[in-house]
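Data block below; observations after.
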Amino acid sequence: TGIDRWRLPRKSGMNWSSPMVLRRDGKEEVLFPSSSELLAVEPATGKTVWKHDGPIATIASPALDGGRLFAPGSPLVAFKPGGQDDWKSPKLSTRHTSPVAMDGKLYGAIVIGVNCVDAATGNEIWQHRLKGPFSASLVAGDGKLYAINEEGIATVLAQGGEKAKVLATNTLGEKVSATPAISGGRLFIRGDQHLFCLGAK
């Protein structure tokens with residue numbers, strides 16, 4: 001009907017972060033990032049379940065893996081929902097990009113390239129320098145990480161490992177600011193002038 005089910009007042013401020021849904025103890029919670037806090041509410045009622053004080057990034061969105069949240073900011077903060085900080089890392093502070101959390105590792109596209117850290121401790125596993133800056137977030141699929149800088153240079157790295165491994169580098173020939181999407185075994189990239197679809201021949 002379009003009638004409000006509930007309304008939750010929030011502090012005013014610029015914010016482009018996407019909400020995310022997580023399931024914890026058999027219940028769903030919706031997370032709303034802002035510069036001052038990360039707020040978790042019940043979807044049905046709007047009741048606040050917990051909050052984590054900021055600063056939190058207002059463009060990048062949090063990631064979740066192994067029951068731990070990774071909230072971008074300066075620094076990036078890792079913690080279990082409703083709990084205290086497990087660790088913080090200024091090395092994963094980003095301008096616009098959201099982190100990727102998979103299989104016990106956390107990856108981030110930062111100004112100087114791509115970082116990989118242990119998701120449980122924040123200890124750096126490897127860093128690979130790439131020409132930045134990055135506005136598009138990393139995406140992962142098929143055991144690979146795809147990093148595309150603002151100039152449209154796409155670097156494919158192997159996921160995991162104790163050292164960075166570059167599998168391919170390709171130039172799209174135009175500026176890229178949007179995060180790629182993966183569907184049906186294909187990678188979709190929106191450039192300034194074209195929409196690219198990349199897939200196996």
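Starting from 1 in every chain, residues are counted up; chains themselves are A, B, ... following the order of the structure tokens, and ligands are numbered from 1 as listed.
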Next on the checklist: Please identify the strand (DSSP E) residues within chain A (assignment by DSSP from backbone atoms) and present them as a PyMOL selection string.
Outcome noted: chain A and resi 20-24+27-33+37-41+48-53+63-65+68-71+76-79+85-89+100-102+105-110+113-118+124-129+139-141+144-148+153-158+166-171+181-183+186-190+195-199
Do you have, as a tab-separated table, the list of residues of stretch 81-107 of chain A lying at most 9 Å from stretch 114-133 of chain A, each with its nearest atom pair and that distance in Å to one decimal, counting only C-alpha atoms and ordered by chain then number?
residue	atom	partner	partner_atom	distance
A:Asp86	CA	A:Thr121	CA	7.5
A:Trp87	CA	A:Gly122	CA	6.3
A:Lys88	CA	A:Gly122	CA	7.0
A:Ser89	CA	A:Gly122	CA	6.6
A:Lys91	CA	A:Asn115	CA	7.8
A:Leu92	CA	A:Asn115	CA	7.1
A:Arg95	CA	A:Pro133	CA	8.7
A:Ala101	CA	A:Ala119	CA	7.5
A:Met102	CA	A:Ala119	CA	8.5
A:Asp103	CA	A:Ala119	CA	8.6
A:Gly104	CA	A:Ala119	CA	5.2
A:Lys105	CA	A:Ala119	CA	4.7
A:Leu106	CA	A:Ala119	CA	5.3
A:Tyr107	CA	A:Cys116	CA	4.6
Item to check | Contacts of stretch 58-62 of chain A at 12 Å (only C-alpha atoms; same-chain gap of 5+ positions) as a PyMOL selection string | outcome: chain A and resi 13-22+30-39+68-74+76-79+81+92-101+106+108-110+134-138+179
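Using only C-alpha atoms for every distance, the candidate list A:Pro75, A:Gly66, A:Asp25, A:Asn170 yields A:Pro75 as the residue closest to A:Gly54.
Of the listed residues A:Gly141, A:Gly83, A:Pro9, A:Gly67, the one whose atoms come nearest to A:Thr48 is A:Pro9, with distances taken using only C-alpha atoms.
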Checklist entry - Which of these, A:Ala44, A:Ala57, A:Ala164, A:Ala140, has the shortest distance to A:Ser183 once you count only C-alpha atoms? => result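 Going through A:Ala44, A:Ala57, A:Ala164, A:Ala140 one by one, the smallest distance to A:Ser183 is for A:Ala140.
Remark: for A:Phe196, the closest of the candidate residues A:Ile3, A:Lys163, A:Ala178, A:Arg24 is A:Ala178 (distances computed over only C-alpha atoms).
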Next on the checklist: Nearest residue to A:Lys201 out of A:Ala40, A:Glu174, A:Gly185, A:Glu29, using only C-alpha atoms?
Outcome noted: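 Using only C-alpha atoms, the shortest distance to A:Lys201 belongs to A:Gly185.
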Checklist entry - So which residues touch A:Leu195 within 12 Å, counting only C-alpha atoms, skipping near sequence neighbours fewer than 6 positions away, as a PyMOL selection string? => result chain A and resi 172+174-176+178+180-181+187-189
Preceding selection exported with all heavy atoms as a tab-separated table (two decimals), in the first residue's frame:
chain	number	residue	atom	x	y	z
A	172	LEU	N	40.48	-1.48	-20.77
A	172	LEU	CA	39.17	-1.31	-21.40
A	172	LEU	C	39.11	-0.08	-22.29
A	172	LEU	O	38.24	0.04	-23.14
A	172	LEU	CB	38.08	-1.25	-20.33
A	172	LEU	CG	37.95	-2.51	-19.46
A	172	LEU	CD1	36.91	-2.29	-18.37
A	172	LEU	CD2	37.56	-3.71	-20.31
A	174	GLU	N	38.53	3.11	-21.40
A	174	GLU	CA	37.73	4.24	-20.94
A	174	GLU	C	37.59	4.19	-19.42
A	174	GLU	O	37.87	3.16	-18.79
A	174	GLU	CB	36.35	4.24	-21.59
A	174	GLU	CG	35.49	3.03	-21.30
A	174	GLU	CD	34.21	3.05	-22.14
A	174	GLU	OE1	34.30	2.86	-23.37
A	174	GLU	OE2	33.15	3.25	-21.56
A	175	LYS	N	37.18	5.30	-18.86
A	175	LYS	CA	37.09	5.41	-17.40
A	175	LYS	C	36.03	4.47	-16.84
A	175	LYS	O	34.97	4.27	-17.44
A	175	LYS	CB	36.76	6.86	-17.01
A	175	LYS	CG	36.74	7.11	-15.52
A	175	LYS	CD	36.48	8.57	-15.21
A	175	LYS	CE	36.45	8.81	-13.69
A	175	LYS	NZ	36.20	10.23	-13.35
A	176	VAL	N	36.33	3.89	-15.68
A	176	VAL	CA	35.38	3.02	-14.98
A	176	VAL	C	35.27	3.48	-13.53
A	176	VAL	O	36.28	3.58	-12.82
A	176	VAL	CB	35.83	1.55	-15.02
A	176	VAL	CG1	34.91	0.67	-14.17
A	176	VAL	CG2	35.86	1.03	-16.45
A	178	ALA	N	32.07	2.46	-11.75
A	178	ALA	CA	31.07	1.58	-11.15
A	178	ALA	C	31.66	0.20	-10.86
A	178	ALA	O	32.52	-0.29	-11.58
A	178	ALA	CB	29.87	1.44	-12.08
A	180	PRO	N	31.85	-3.71	-10.94
A	180	PRO	CA	31.34	-4.72	-11.88
A	180	PRO	C	30.34	-5.65	-11.22
A	180	PRO	O	30.26	-5.75	-9.99
A	180	PRO	CB	32.61	-5.49	-12.28
A	180	PRO	CG	33.75	-4.61	-11.91
A	180	PRO	CD	33.29	-3.82	-10.72
A	181	ALA	N	29.56	-6.33	-12.06
A	181	ALA	CA	28.61	-7.34	-11.59
A	181	ALA	C	28.94	-8.67	-12.25
A	181	ALA	O	29.40	-8.70	-13.40
A	181	ALA	CB	27.18	-6.92	-11.92
A	187	LEU	N	31.17	-11.34	-16.65
A	187	LEU	CA	31.50	-10.14	-15.90
A	187	LEU	C	30.97	-8.94	-16.66
A	187	LEU	O	31.30	-8.74	-17.83
A	187	LEU	CB	33.02	-10.04	-15.72
A	187	LEU	CG	33.56	-8.90	-14.85
A	187	LEU	CD1	33.17	-9.13	-13.39
A	187	LEU	CD2	35.07	-8.81	-14.98
A	188	PHE	N	30.13	-8.14	-16.01
A	188	PHE	CA	29.55	-6.95	-16.63
A	188	PHE	C	30.19	-5.71	-16.02
A	188	PHE	O	30.20	-5.54	-14.80
A	188	PHE	CB	28.03	-6.92	-16.40
A	188	PHE	CG	27.30	-8.07	-17.04
A	188	PHE	CD1	27.14	-9.27	-16.37
A	188	PHE	CD2	26.81	-7.96	-18.33
A	188	PHE	CE1	26.47	-10.34	-16.95
A	188	PHE	CE2	26.14	-9.02	-18.93
A	188	PHE	CZ	25.97	-10.22	-18.24
A	189	ILE	N	30.73	-4.85	-16.90
A	189	ILE	CA	31.44	-3.65	-16.45
A	189	ILE	C	30.84	-2.44	-17.15
A	189	ILE	O	30.76	-2.39	-18.38
A	189	ILE	CB	32.95	-3.74	-16.79
A	189	ILE	CG1	33.55	-5.02	-16.19
A	189	ILE	CG2	33.68	-2.51	-16.28
A	189	ILE	CD1	34.95	-5.32	-16.70
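From atom CA of A:Glu42 back to atom CA of A:Leu8, the distance works out to 11.1 Å.
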